[in-house]
$ cat entry.cif   # mmCIF, C-alpha atoms
data_input
#
loop_
_atom_site.label_atom_id
_atom_site.label_comp_id
_atom_site.auth_asym_id
_atom_site.auth_seq_id
_atom_site.Cartn_x
_atom_site.Cartn_y
_atom_site.Cartn_z
CA MET G 127 -26.54 31.28 -53.60
CA LYS G 128 -25.22 27.84 -53.13
CA TRP G 129 -21.64 28.51 -54.22
CA PRO G 130 -20.46 29.90 -50.81
CA LYS G 131 -21.70 26.78 -49.09
CA ARG G 132 -20.11 24.58 -51.73
CA THR G 133 -16.84 26.50 -51.42
CA LEU G 134 -16.84 26.05 -47.63
CA ALA G 135 -17.60 22.36 -48.05
CA VAL G 136 -14.68 21.98 -50.46
CA LEU G 137 -12.34 23.87 -48.09
CA ALA G 138 -13.48 21.70 -45.17
CA ALA G 139 -12.83 18.57 -47.23
CA LEU G 140 -9.39 19.81 -48.24
CA LEU G 141 -8.58 20.62 -44.60
CA ALA G 142 -9.69 17.16 -43.52
CA ILE G 143 -7.52 15.60 -46.21
CA ALA G 144 -4.56 17.78 -45.13
CA ALA G 145 -5.01 16.59 -41.57
CA ALA G 146 -5.37 12.95 -42.58
CA VAL G 147 -2.63 12.71 -45.22
CA PRO G 148 0.29 12.98 -42.76
CA PHE G 149 -0.84 9.78 -41.07
CA PHE G 150 -0.27 8.01 -44.39
CA ILE G 151 3.15 9.61 -45.05
CA SER G 152 5.62 7.10 -43.69
CA LEU G 153 9.31 7.92 -43.23
CA ASP G 154 10.17 4.36 -42.24
CA ASP G 155 12.60 4.13 -45.18
CA TYR G 156 14.87 6.49 -43.24
CA ILE G 157 14.96 4.26 -40.13
CA PRO G 158 18.10 2.26 -41.06
CA ARG G 159 20.05 5.46 -41.71
CA ILE G 160 18.88 7.08 -38.46
CA GLU G 161 19.69 3.92 -36.48
CA LYS G 162 23.16 3.71 -38.03
CA GLU G 163 24.06 7.34 -37.30
CA ALA G 164 22.65 7.23 -33.76
CA SER G 165 24.46 3.95 -33.01
CA ALA G 166 27.75 5.42 -34.24
CA ARG G 167 27.27 8.55 -32.10
CA LEU G 168 26.39 6.68 -28.90
CA ALA G 169 28.59 3.62 -29.50
CA GLU G 170 25.51 1.58 -28.58
CA PRO G 171 22.97 -0.31 -30.72
CA VAL G 172 19.89 1.83 -31.43
CA SER G 173 16.57 0.52 -32.79
CA ILE G 174 13.48 2.44 -33.96
CA LYS G 175 10.02 1.05 -34.75
CA ARG G 176 8.37 3.88 -36.66
CA VAL G 177 8.93 7.40 -38.07
CA ARG G 178 6.07 9.57 -39.37
CA PHE G 179 5.41 13.17 -40.40
CA SER G 180 2.40 15.32 -39.44
CA ALA G 181 1.45 18.80 -40.65
CA LEU G 182 -0.97 19.78 -37.88
CA PRO G 183 -1.10 21.65 -35.56
CA LEU G 184 2.47 22.50 -36.64
CA PRO G 185 4.70 20.44 -38.92
CA HIS G 186 6.57 17.86 -36.84
CA VAL G 187 8.19 14.43 -36.99
CA THR G 188 7.34 11.65 -34.53
CA ILE G 189 9.77 8.81 -33.83
CA GLU G 190 8.28 5.86 -31.91
CA GLY G 191 9.60 2.79 -30.13
CA ILE G 192 13.22 3.81 -29.50
CA SER G 193 15.59 1.44 -27.67
CA VAL G 194 19.26 2.10 -26.84
CA GLY G 195 21.73 -0.55 -25.69
CA ALA G 196 21.91 -4.30 -26.19
CA THR G 197 19.98 -4.84 -22.95
CA GLY G 198 17.55 -1.93 -23.42
CA ASP G 199 19.27 0.45 -21.00
CA VAL G 200 17.16 3.27 -22.51
CA SER G 201 13.66 2.95 -23.91
CA ILE G 202 11.45 5.77 -25.24
CA GLY G 203 7.80 5.61 -26.17
CA SER G 204 7.97 8.50 -28.61
CA VAL G 205 9.96 11.60 -29.56
CA VAL G 206 8.23 14.53 -31.28
CA VAL G 207 10.55 16.98 -33.08
CA THR G 208 9.07 20.39 -34.02
CA PRO G 209 11.38 22.49 -36.23
CA GLY G 210 11.31 26.23 -36.86
CA LEU G 211 9.87 26.37 -40.38
CA PHE G 212 11.78 29.45 -41.57
CA SER G 213 15.09 28.04 -40.29
CA LEU G 214 14.81 25.11 -42.69
CA MET G 215 15.88 27.49 -45.48
CA GLN G 216 18.89 28.72 -43.50
CA SER G 217 22.33 27.28 -42.73
CA THR G 218 21.50 26.76 -39.05
CA LYS G 219 18.39 24.66 -38.53
CA VAL G 220 16.39 25.44 -35.39
CA ILE G 221 14.46 22.80 -33.46
CA ARG G 222 11.86 24.69 -31.46
CA ARG G 223 10.94 21.80 -29.23
CA ILE G 224 11.75 18.14 -28.64
CA GLU G 225 9.10 16.28 -26.63
CA ILE G 226 10.11 12.93 -25.16
CA ASP G 227 7.33 10.71 -23.81
CA ALA G 228 7.68 7.58 -21.64
CA LEU G 229 11.45 7.65 -21.23
CA VAL G 230 12.81 4.80 -19.06
CA LEU G 231 16.42 4.86 -17.84
CA THR G 232 18.38 2.22 -15.94
CA PRO G 233 21.31 3.01 -13.61
CA LYS G 234 23.62 1.59 -16.29
CA ALA G 235 22.30 4.16 -18.75
CA ILE G 236 22.78 7.02 -16.28
CA GLU G 237 26.44 6.05 -15.90
CA LYS G 238 26.86 6.32 -19.69
CA ILE G 239 25.19 9.73 -20.11
CA PRO G 240 28.43 11.77 -19.61
CA ALA G 241 30.08 9.81 -22.45
CA TRP G 242 26.99 10.11 -24.69
CA THR G 243 26.77 13.89 -24.25
CA ARG G 244 30.49 14.54 -24.67
CA PRO G 245 31.22 16.39 -27.97
CA GLN G 246 32.82 14.24 -30.61
CA ALA G 247 36.49 15.01 -31.20
CA ALA G 248 36.09 14.92 -34.96
CA GLN G 249 33.16 17.32 -34.93
CA SER G 250 34.06 20.94 -35.71
CA PRO G 251 32.36 23.86 -33.90
CA ARG G 252 30.83 24.91 -37.22
CA ALA G 253 29.28 21.48 -37.77
CA ALA G 254 27.99 21.41 -34.23
CA ALA G 255 26.12 24.67 -34.78
CA GLN G 256 24.21 23.48 -37.88
CA VAL G 257 21.32 22.32 -35.69
CA ARG G 258 20.23 24.29 -32.62
CA VAL G 259 17.67 22.99 -30.09
CA GLU G 260 15.73 25.55 -28.04
CA SER G 261 13.90 23.35 -25.53
CA ILE G 262 13.48 19.74 -24.46
CA ARG G 263 10.46 18.40 -22.58
CA LEU G 264 10.13 15.05 -20.85
CA LYS G 265 6.76 13.52 -19.94
CA ASN G 266 6.22 10.44 -17.76
CA ALA G 267 9.94 9.70 -17.46
CA LEU G 268 11.13 6.95 -15.12
CA VAL G 269 14.43 5.78 -13.65
CA ASP G 270 14.19 2.02 -13.11
CA PHE G 271 16.38 0.64 -10.32
CA GLY G 272 14.97 -2.89 -10.66
CA LYS G 273 13.28 -3.38 -7.29
CA ALA G 274 12.54 0.34 -6.99
CA SER G 275 12.10 3.33 -9.29
CA PHE G 276 12.15 7.13 -9.37
CA GLY G 277 9.19 8.74 -11.10
CA PRO G 278 7.22 9.09 -13.17
CA PHE G 279 8.36 12.69 -13.54
CA ASP G 280 8.21 15.56 -16.04
CA ALA G 281 11.13 17.82 -16.97
CA ARG G 282 11.75 20.99 -18.97
CA ILE G 283 15.18 22.01 -20.26
CA SER G 284 15.81 25.40 -21.90
CA LEU G 285 18.87 25.69 -24.15
CA GLY G 286 20.81 28.76 -25.29
CA SER G 287 22.01 29.68 -28.77
CA ASP G 288 25.25 27.79 -28.09
CA GLY G 289 23.37 24.61 -27.17
CA ALA G 290 24.21 24.90 -23.47
CA ALA G 291 21.46 24.37 -20.88
CA GLN G 292 20.10 27.60 -19.40
CA GLU G 293 17.72 26.05 -16.88
CA ALA G 294 16.22 22.67 -16.11
CA SER G 295 13.24 21.89 -13.89
CA ILE G 296 12.06 18.47 -12.73
CA ALA G 297 8.82 17.58 -10.94
CA THR G 298 7.34 14.21 -10.12
CA VAL G 299 3.86 13.64 -11.54
CA ASP G 300 2.40 13.41 -8.02
CA GLY G 301 3.95 16.79 -7.13
CA LYS G 302 5.87 15.44 -4.12
CA LEU G 303 9.32 16.41 -5.42
CA LYS G 304 10.58 19.42 -7.36
CA ALA G 305 14.10 20.31 -8.48
CA LEU G 306 15.63 23.29 -10.27
CA ILE G 307 19.04 23.27 -11.98
CA LYS G 308 20.77 26.44 -13.20
CA PRO G 309 24.20 26.84 -14.84
CA ASP G 310 26.88 28.81 -13.00
CA HIS G 311 29.97 29.12 -15.22
CA ALA G 312 31.32 25.57 -15.56
CA GLU G 313 29.06 24.20 -12.81
CA TYR G 314 25.34 23.76 -12.14
CA LEU G 315 23.44 24.92 -9.06
CA LEU G 316 20.91 22.45 -7.71
CA GLU G 317 17.91 23.12 -5.46
CA LEU G 318 15.56 20.31 -4.48
CA SER G 319 12.50 20.27 -2.24
CA ALA G 320 10.14 17.43 -1.36
CA LYS G 321 7.15 16.67 0.87
CA SER G 322 5.81 13.23 1.83
CA TRP G 323 8.38 11.74 -0.54
CA THR G 324 9.79 8.20 -0.42
CA LEU G 325 13.46 7.54 -1.14
CA PRO G 326 13.49 5.68 -4.51
CA ALA G 327 16.60 3.54 -3.89
CA GLY G 328 17.95 1.86 -0.76
CA PRO G 329 15.77 1.86 2.37
CA ALA G 330 12.28 3.22 1.63
CA LEU G 331 12.54 6.17 4.02
CA VAL G 332 9.64 8.64 3.87
CA PHE G 333 10.57 12.32 4.24
CA ASP G 334 7.93 14.64 5.67
CA GLU G 335 10.05 17.50 4.34
CA LEU G 336 13.38 17.51 2.48
CA THR G 337 15.54 20.37 1.22
CA VAL G 338 18.80 19.86 -0.67
CA LYS G 339 21.13 22.47 -2.14
CA GLY G 340 24.32 21.69 -4.02
CA VAL G 341 26.66 22.17 -6.95
CA ALA G 342 27.28 19.73 -9.81
CA SER G 343 30.08 19.58 -12.36
CA SER G 344 31.10 17.14 -15.07
CA ALA G 345 33.03 15.12 -12.49
CA ASP G 346 31.21 15.40 -9.17
CA LEU G 347 28.17 16.42 -7.14
CA LYS G 348 28.52 18.32 -3.86
CA LEU G 349 25.44 18.60 -1.66
CA GLY G 350 26.49 21.25 0.84
CA GLU G 351 23.11 21.57 2.56
CA ILE G 352 20.81 18.66 3.40
CA SER G 353 17.89 19.26 5.77
CA ALA G 354 15.06 16.84 6.50
CA LYS G 355 12.14 16.17 8.80
CA LEU G 356 11.17 12.50 9.12
CA TYR G 357 9.71 10.07 11.66
CA GLY G 358 9.24 12.75 14.30
CA GLY G 359 12.88 13.87 14.16
CA THR G 360 15.33 15.83 12.03
CA ALA G 361 18.46 15.15 10.00
CA SER G 362 20.95 17.63 8.55
CA GLY G 363 24.36 17.39 6.96
CA ASN G 364 26.19 17.17 3.65
CA ALA G 365 27.34 14.64 1.07
CA ALA G 366 29.54 14.44 -2.03
CA LEU G 367 29.62 12.04 -4.98
CA ASN G 368 32.59 11.84 -7.35
CA TRP G 369 32.75 9.77 -10.55
CA ARG G 370 36.24 10.56 -11.91
CA LYS G 371 37.36 6.99 -11.20
CA GLY G 372 34.40 4.78 -10.43
CA LEU G 373 32.03 6.19 -7.79
CA GLN G 374 33.21 7.77 -4.53
CA LEU G 375 30.63 8.73 -1.89
CA ALA G 376 31.30 10.59 1.38
CA GLY G 377 29.26 12.59 3.86
CA LYS G 378 28.00 13.08 7.40
CA LEU G 379 24.68 13.70 9.12
CA ASP G 380 23.39 14.97 12.45
CA VAL G 381 20.28 12.99 13.46
CA ARG G 382 18.07 14.18 16.33
CA ARG G 383 15.06 12.57 18.07
CA LEU G 384 14.33 10.09 15.30
CA GLU G 385 11.62 7.56 16.23
CA MET G 386 13.24 4.16 15.68
CA ARG G 387 10.26 1.79 15.49
CA GLN G 388 9.78 2.10 11.71
CA VAL G 389 13.25 3.31 10.74
CA ALA G 390 15.10 0.30 12.20
CA THR G 391 13.00 -2.14 10.18
CA LEU G 392 13.65 -0.20 6.96
CA LEU G 393 17.41 -0.07 7.56
CA SER G 394 17.71 -3.71 8.57
CA PRO G 395 14.64 -5.96 8.17
CA GLY G 396 13.94 -7.94 11.33
CA THR G 397 15.28 -5.30 13.72
CA ARG G 398 12.73 -4.53 16.40
CA ILE G 399 13.45 -1.52 18.59
CA SER G 400 11.60 1.61 19.67
CA GLY G 401 12.76 4.87 21.22
CA THR G 402 14.17 8.18 20.01
CA LEU G 403 17.61 8.20 18.39
CA ASP G 404 20.42 10.76 18.43
CA ALA G 405 23.43 10.01 16.21
CA GLN G 406 26.12 11.64 14.06
CA PRO G 407 26.88 9.12 11.31
CA VAL G 408 29.87 9.55 9.02
CA PHE G 409 29.60 7.49 5.83
CA SER G 410 31.63 6.65 2.73
CA ALA G 411 31.63 4.19 -0.17
CA SER G 412 33.76 3.35 -3.18
CA ALA G 413 32.43 1.26 -6.06
CA LYS G 414 32.74 0.73 -9.79
CA SER G 415 29.02 1.14 -10.43
CA ALA G 416 25.87 2.56 -8.82
CA ALA G 417 24.52 -0.96 -8.27
CA GLN G 418 27.52 -1.78 -6.04
CA LEU G 419 27.51 1.48 -4.08
CA MET G 420 25.09 0.50 -1.29
CA HIS G 421 26.88 -2.80 -0.68
CA ALA G 422 30.17 -0.90 -0.33
CA LEU G 423 28.72 1.57 2.20
CA ARG G 424 30.71 2.11 5.39
CA LEU G 425 29.08 4.03 8.27
CA ALA G 426 30.38 4.78 11.76
CA THR G 427 28.66 6.66 14.58
CA ARG G 428 28.14 7.02 18.29
CA PHE G 429 24.46 6.69 19.12
CA GLU G 430 21.99 7.03 21.96
CA VAL G 431 18.41 5.77 22.08
CA LYS G 432 16.14 6.97 24.89
CA ASN G 433 12.97 5.55 26.44
CA GLY G 434 12.55 2.54 24.23
CA THR G 435 12.10 -1.22 24.05
CA LEU G 436 14.07 -4.11 22.57
CA LEU G 437 11.47 -6.52 21.26
CA GLY G 438 12.08 -10.26 21.02
CA VAL G 439 14.51 -10.57 23.92
CA ASP G 440 14.28 -10.23 27.73
CA ILE G 441 17.78 -9.68 29.13
CA GLU G 442 16.70 -9.68 32.79
CA LYS G 443 14.82 -12.98 32.41
CA ALA G 444 17.78 -14.62 30.65
CA ALA G 445 20.12 -13.52 33.43
CA THR G 446 17.94 -14.78 36.30
CA GLN G 447 16.81 -18.12 34.84
CA LEU G 448 20.29 -19.61 34.61
CA PHE G 449 19.38 -23.26 34.21
CA LYS G 450 17.37 -22.77 31.03
CA GLN G 451 19.23 -23.70 27.87
CA ALA G 452 18.37 -20.46 26.07
CA SER G 453 15.98 -17.55 26.45
CA SER G 454 14.01 -16.03 23.62
CA GLY G 455 10.96 -13.83 23.25
CA GLY G 456 9.75 -11.11 25.55
CA GLU G 457 11.08 -7.56 25.62
CA THR G 458 13.61 -5.36 27.39
CA ARG G 459 12.50 -1.87 28.31
CA PHE G 460 15.24 0.70 28.78
CA GLU G 461 15.69 4.33 29.68
CA GLN G 462 18.92 4.62 27.75
CA LEU G 463 20.73 2.50 25.16
CA SER G 464 24.04 3.83 23.86
CA GLY G 465 27.14 2.61 22.07
CA HIS G 466 29.08 2.72 18.82
CA LEU G 467 27.91 1.33 15.48
CA LEU G 468 30.09 0.32 12.55
CA LEU G 469 28.27 -0.72 9.38
CA GLU G 470 30.57 -2.30 6.82
CA ARG G 471 29.69 -4.54 3.85
CA GLY G 472 26.34 -5.46 5.32
CA ASP G 473 27.61 -6.30 8.84
CA TYR G 474 26.42 -4.23 11.82
CA ARG G 475 28.93 -4.22 14.70
CA PHE G 476 27.69 -2.69 17.95
CA THR G 477 30.41 -2.10 20.54
CA GLN G 478 30.61 -0.26 23.89
CA LEU G 479 26.94 -1.07 24.38
CA LYS G 480 25.36 0.20 27.59
CA ILE G 481 21.77 -0.38 28.68
CA ALA G 482 20.22 1.28 31.73
CA SER G 483 16.73 0.53 33.03
CA GLY G 484 15.73 0.50 36.69
CA ALA G 485 17.02 -2.71 38.25
CA LEU G 486 18.81 -3.76 35.05
CA ALA G 487 22.16 -2.55 33.76
CA ALA G 488 24.02 -4.20 30.92
CA ASP G 489 27.00 -3.71 28.64
CA GLY G 490 28.64 -5.71 25.86
CA HIS G 491 28.98 -6.07 22.10
CA VAL G 492 26.74 -7.56 19.40
CA THR G 493 27.28 -8.25 15.69
CA ILE G 494 24.54 -8.63 13.11
CA SER G 495 25.92 -10.33 10.00
CA ALA G 496 24.82 -9.63 6.45
CA LYS G 497 22.76 -12.85 6.74
CA LYS G 498 20.98 -11.38 9.82
CA GLU G 499 22.73 -13.82 12.20
CA LEU G 500 23.52 -12.65 15.75
CA SER G 501 26.67 -13.12 17.79
CA GLY G 502 28.25 -11.41 20.79
CA ARG G 503 28.06 -11.13 24.55
CA ILE G 504 25.95 -9.13 27.00
CA ASN G 505 27.06 -8.66 30.61
CA ALA G 506 23.86 -8.17 32.61
CA GLU G 507 23.86 -6.72 36.13
CA VAL G 508 20.64 -7.78 37.85
CA LYS G 509 19.29 -7.98 41.39
CA ALA G 510 18.49 -11.49 42.59
CA ALA G 511 17.90 -12.77 46.14
CA GLY G 512 18.75 -9.35 47.54
CA ALA G 513 22.15 -9.22 45.81
CA SER G 514 23.41 -7.53 42.68
CA THR G 515 24.85 -10.09 40.28
CA GLY G 516 26.77 -9.75 37.01
CA VAL G 517 25.79 -12.51 34.54
CA PRO G 518 27.59 -12.92 31.19
CA LEU G 519 25.18 -13.97 28.41
CA ASN G 520 26.03 -15.22 24.95
CA VAL G 521 24.05 -13.75 22.03
CA ALA G 522 23.01 -16.05 19.19
CA GLY G 523 20.15 -16.78 16.80
CA THR G 524 18.86 -14.33 14.20
CA LEU G 525 17.15 -10.97 14.14
CA ASP G 526 13.79 -12.71 13.79
CA ALA G 527 14.56 -15.17 16.61
CA PRO G 528 17.28 -13.81 18.94
CA LEU G 529 18.66 -16.06 21.72
CA LEU G 530 20.36 -15.30 25.02
CA TYR G 531 21.95 -18.01 27.14
CA PRO G 532 24.41 -18.10 30.06
CA THR G 533 28.06 -18.86 29.31
CA GLY G 534 29.58 -22.19 30.29
CA GLY G 535 31.46 -20.68 33.25
CA THR G 536 28.35 -19.01 34.58
CA MET G 537 26.35 -22.27 34.39
CA ALA G 538 29.11 -24.24 36.15
CA GLY G 539 29.48 -21.65 38.89
CA ALA G 540 25.73 -21.48 39.44
CA ALA G 541 25.48 -25.26 39.71
CA ALA G 542 28.39 -25.42 42.19
CA GLY G 543 26.98 -22.57 44.29
CA THR G 544 23.56 -24.23 44.41
CA ALA G 545 25.09 -27.55 45.52
CA ILE G 546 27.19 -25.95 48.29
CA MET G 547 24.96 -23.17 49.59
CA GLY G 548 21.54 -24.13 48.24
CA PRO G 549 19.19 -22.37 45.81
CA GLY G 550 18.85 -18.60 45.79
CA ILE G 551 21.95 -17.02 47.30
CA GLY G 552 24.09 -20.06 46.43
CA THR G 553 23.01 -19.97 42.80
CA THR G 554 23.54 -16.21 42.59
CA MET G 555 27.00 -16.22 44.21
CA GLY G 556 28.11 -19.24 42.21
CA ALA G 557 27.04 -17.61 38.94
CA LYS G 558 28.93 -14.46 39.88
CA VAL G 559 32.13 -16.37 40.68
CA GLY G 560 31.79 -18.52 37.56
CA GLY G 561 31.34 -15.48 35.34
CA TRP G 562 34.31 -13.72 37.01
CA VAL G 563 36.61 -16.71 36.50
CA GLU G 564 35.53 -17.12 32.87
CA GLY G 565 36.10 -13.42 32.22
CA LEU G 566 39.58 -13.69 33.76
CA PHE G 567 40.64 -16.24 31.14
CA ASP G 568 38.57 -14.97 28.22
CA LYS G 569 40.99 -13.67 25.59
CA LYS G 570 38.40 -12.65 23.00
CA ASP G 571 38.55 -9.04 21.84
CA PRO G 572 35.04 -7.78 21.14
CA GLY G 573 36.42 -5.19 18.77
CA LYS G 574 37.04 -1.50 19.07
CA PRO G 575 35.12 1.14 17.17
CA ALA G 576 36.91 2.89 14.37
CA LYS G 577 37.86 6.45 15.08
#
$ encode --input "entry.cif" --output "structure tokens"
Amino acid sequence: MKWPKRTLAVLAALLAIAAAVPFFISLDDYIPRIEKEASARLAEPVSIKRVRFSALPLPHVTIEGISVGATGDVSIGSVVVTPGLFSLMQSTKVIRRIEIDALVLTPKAIEKIPAWTRPQAAQSPRAAAQVRVESIRLKNALVDFGKASFGPFDARISLGSDGAAQEASIATVDGKLKALIKPDHAEYLLELSAKSWTLPAGPALVFDELTVKGVASSADLKLGEISAKLYGGTASGNAALNWRKGLQLAGKLDVRRLEMRQVATLLSPGTRISGTLDAQPVFSASAKSAAQLMHALRLATRFEVKNGTLLGVDIEKAATQLFKQASSGGETRFEQLSGHLLLERGDYRFTQLKIASGALAADGHVTISAKKELSGRINAEVKAAGASTGVPLNVAGTLDAPLLYPTGGTMAGAAAGTAIMGPGIGTTMGAKVGGWVEGLFDKKDPGKPAK
């Protein structure tokens, strides 16, 4: 009985043909129409490379090579649309699943998403309900910040019968970050957790642990609970971002026992300091776009660093070797370094500085410009020749090559004291008098910290 075998062979051939035929069914003739309608909806140019239909394992349409925006603000490798077969015969068409692979977003695209997802004024509720999507899946998605990126990550979004999101989950491919978003009336509840995760934009801070809880709406994002463990210390606080008119950022943190050796370099390249930091920074920013937000950041805080070292400068050496033109290199160990920091438009202004370390005590003010140039004055109190002497020192150079040198009055006083009373005590007393006289007539205001 050969007919059963022949029948099976014919069925197998037919099945193979059914599986292969879809790859030869091209829907590319529909591309211009799809591009036109999508461009009109988004008010952005949309281009598509290929559209094809497949019958297996379930009937679906694949759209490949999608680009949105004149500068490619959005690019998508492929979109697979799987409809509910029985709904195709009904008034409301059901899309069981939309799978988006290799989505790449730029910050410019993220800013446009609220406008893209806003319902069209001319669209009636009845028209809007003609197509209903049940779920959306993202694979290998990426947010490209230019020099940095967030991702790749996967996401799942479940939608209700009215088209509103019921739940969204996001997880990076490496599993280091997970987020869950749930609707709550007109708002969305956000919960985020991360381990061994690197901040994707701004300074590349690495969080050992991070927990964030907040609420998002169509106009703002409020992060009421931020808790982190990083660099041997902790940070907690809150933040809020509003985009009603441009971008408005505000928040505050409580930082405890943060090891500064790596953190300082990440925040300002070239900074070389160790020790444990306590601070309570209050920050804000106002900008037209996300790209401008970090440059517009303003941060103010009192701070204290304990048991650390300033690398690249030796304050005690600069204060005792008065006849050298400038002092650079070395290090200054301290038990306590405190003061006030104001960060504004890339400039770091340190005021009310106080340094305490054994035989050395110092105070003053220092500014680090956006170009990493140093300026300011340090008043060092050191012991020399059995006497305690206050020596004003000018601060100059750059973060990579800081310089300390005595002021003109200090040099003149030291020279006069040496000539009259001889080296040692004469130099020390002369420097002290010279610095005192210069300070008496110095009208410069080092600046006061903002309240």
$ resolve_selection --input "entry.cif" --expression "the PyMOL selection byres ((chain G and resi 362) around 8)" --output "VMD selection string"
chain G and resid 351 to 354 360 to 361 363 to 364 379 to 381
$ residues_around --input "entry.cif" --residues "Thr435 in chain G" --least-positions-apart "5" --cutoff "9 Å" --atoms "only C-alpha atoms" --output "PyMOL selection string"
chain G and resi 398-401+457-461
$ residues_around --input "entry.cif" --residues "Arg503 in chain G" --least-positions-apart "5" --cutoff "6 Å" --atoms "only C-alpha atoms" --output "PyMOL selection string"
chain G and resi 490-491+519-521
$ resolve_selection --input "entry.cif" --expression "the PyMOL selection byres ((chain G and resi 156) around 12)" --output "PDB file with C-alpha atoms, in the coordinates of the input"
ATOM      1  CA  SER G 152       5.620   7.100 -43.690  1.00  0.00           C
ATOM      2  CA  LEU G 153       9.310   7.920 -43.230  1.00  0.00           C
ATOM      3  CA  ASP G 154      10.170   4.360 -42.240  1.00  0.00           C
ATOM      4  CA  ASP G 155      12.600   4.130 -45.180  1.00  0.00           C
ATOM      5  CA  ILE G 157      14.960   4.260 -40.130  1.00  0.00           C
ATOM      6  CA  PRO G 158      18.100   2.260 -41.060  1.00  0.00           C
ATOM      7  CA  ARG G 159      20.050   5.460 -41.710  1.00  0.00           C
ATOM      8  CA  ILE G 160      18.880   7.080 -38.460  1.00  0.00           C
ATOM      9  CA  GLU G 161      19.690   3.920 -36.480  1.00  0.00           C
ATOM     10  CA  LYS G 162      23.160   3.710 -38.030  1.00  0.00           C
ATOM     11  CA  GLU G 163      24.060   7.340 -37.300  1.00  0.00           C
ATOM     12  CA  ILE G 174      13.480   2.440 -33.960  1.00  0.00           C
ATOM     13  CA  LYS G 175      10.020   1.050 -34.750  1.00  0.00           C
ATOM     14  CA  ARG G 176       8.370   3.880 -36.660  1.00  0.00           C
ATOM     15  CA  VAL G 177       8.930   7.400 -38.070  1.00  0.00           C
ATOM     16  CA  ARG G 178       6.070   9.570 -39.370  1.00  0.00           C
ATOM     17  CA  PHE G 179       5.410  13.170 -40.400  1.00  0.00           C
ATOM     18  CA  ILE G 189       9.770   8.810 -33.830  1.00  0.00           C
TER      19      ILE G 189
END
$ resolve_selection --input "entry.cif" --expression "the PyMOL selection byres ((chain G and resi 441) around 9)" --output "list in words"
Val439, Asp440, Glu442, Lys443, Ala444, Ala445, Thr446, Ser453, Gly456, Glu457, Thr458, Leu486, Ala488, Ile504, Ala506, Leu519 and Leu530 of chain G
$ closest_residue --input "entry.cif" --among "G:Leu384, G:Asp310, G:Ala305, G:Arg475" --to "Phe333 in chain G" --atoms "all atoms listed in the file"
G:Leu384
$ atom_distance --input "entry.cif" --atom1 "CA of Val207 in chain G" --atom2 "CA of Pro233 in chain G"
26.3 Å
$ closest_residue --input "entry.cif" --among "G:Gly358, G:Pro407, G:Gly286, G:Gly516" --to "Arg428 in chain G" --atoms "only C-alpha atoms"
G:Pro407
$ residues_near_point --input "entry.cif" --point "(29.3, 7.3, -12.7)" --cutoff "10 Å" --atoms "all atoms listed in the file" --output "short mmCIF file (atom, residue, chain, number, x, y, z; two decimals) with C-alpha atoms, in the frame of the given file"
data_model
loop_
_atom_site.label_atom_id
_atom_site.label_comp_id
_atom_site.auth_asym_id
_atom_site.auth_seq_id
_atom_site.Cartn_x
_atom_site.Cartn_y
_atom_site.Cartn_z
CA PRO G 233 21.31 3.01 -13.61
CA LYS G 234 23.62 1.59 -16.29
CA ALA G 235 22.30 4.16 -18.75
CA ILE G 236 22.78 7.02 -16.28
CA GLU G 237 26.44 6.05 -15.90
CA LYS G 238 26.86 6.32 -19.69
CA ILE G 239 25.19 9.73 -20.11
CA PRO G 240 28.43 11.77 -19.61
CA ALA G 345 33.03 15.12 -12.49
CA ASP G 346 31.21 15.40 -9.17
CA LEU G 367 29.62 12.04 -4.98
CA ASN G 368 32.59 11.84 -7.35
CA TRP G 369 32.75 9.77 -10.55
CA ARG G 370 36.24 10.56 -11.91
CA LYS G 371 37.36 6.99 -11.20
CA GLY G 372 34.40 4.78 -10.43
CA LEU G 373 32.03 6.19 -7.79
CA GLN G 374 33.21 7.77 -4.53
CA ALA G 413 32.43 1.26 -6.06
CA LYS G 414 32.74 0.73 -9.79
CA SER G 415 29.02 1.14 -10.43
CA ALA G 416 25.87 2.56 -8.82
#
$ atom_distance --input "entry.cif" --atom1 "CA of Thr188 in chain G" --atom2 "CA of Phe276 in chain G"
26.0 Å
$ atom_distance --input "entry.cif" --atom1 "CA of Gln406 in chain G" --atom2 "CA of Glu430 in chain G"
10.0 Å
$ residues_around --input "entry.cif" --residues "Ile481 in chain G" --least-positions-apart "2" --cutoff "7 Å" --atoms "all atoms listed in the file" --output "ChimeraX atom specification"
/G:460,462-464,479,483,487-489
$ write_last_selection --input "entry.cif" --atoms "C-alpha atoms" --output "short mmCIF file (atom, residue, chain, number, x, y, z; two decimals), in the frame of the given file"
data_model
loop_
_atom_site.label_atom_id
_atom_site.label_comp_id
_atom_site.auth_asym_id
_atom_site.auth_seq_id
_atom_site.Cartn_x
_atom_site.Cartn_y
_atom_site.Cartn_z
CA PHE G 460 15.24 0.70 28.78
CA GLN G 462 18.92 4.62 27.75
CA LEU G 463 20.73 2.50 25.16
CA SER G 464 24.04 3.83 23.86
CA LEU G 479 26.94 -1.07 24.38
CA SER G 483 16.73 0.53 33.03
CA ALA G 487 22.16 -2.55 33.76
CA ALA G 488 24.02 -4.20 30.92
CA ASP G 489 27.00 -3.71 28.64
#
$ closest_residue --input "entry.cif" --among "G:Gly191, G:Gly472, G:Pro278, G:Pro532" --to "Ser173 in chain G" --atoms "only C-alpha atoms"
G:Gly191
$ closest_residue --input "entry.cif" --among "G:Thr324, G:Ser501, G:Thr515, G:Thr402" --to "Leu529 in chain G" --atoms "all atoms listed in the file"
G:Ser501
$ closest_residue --input "entry.cif" --among "G:Lys265, G:Arg387, G:Lys378, G:Lys432" --to "Ala482 in chain G" --atoms "only C-alpha atoms"
G:Lys432
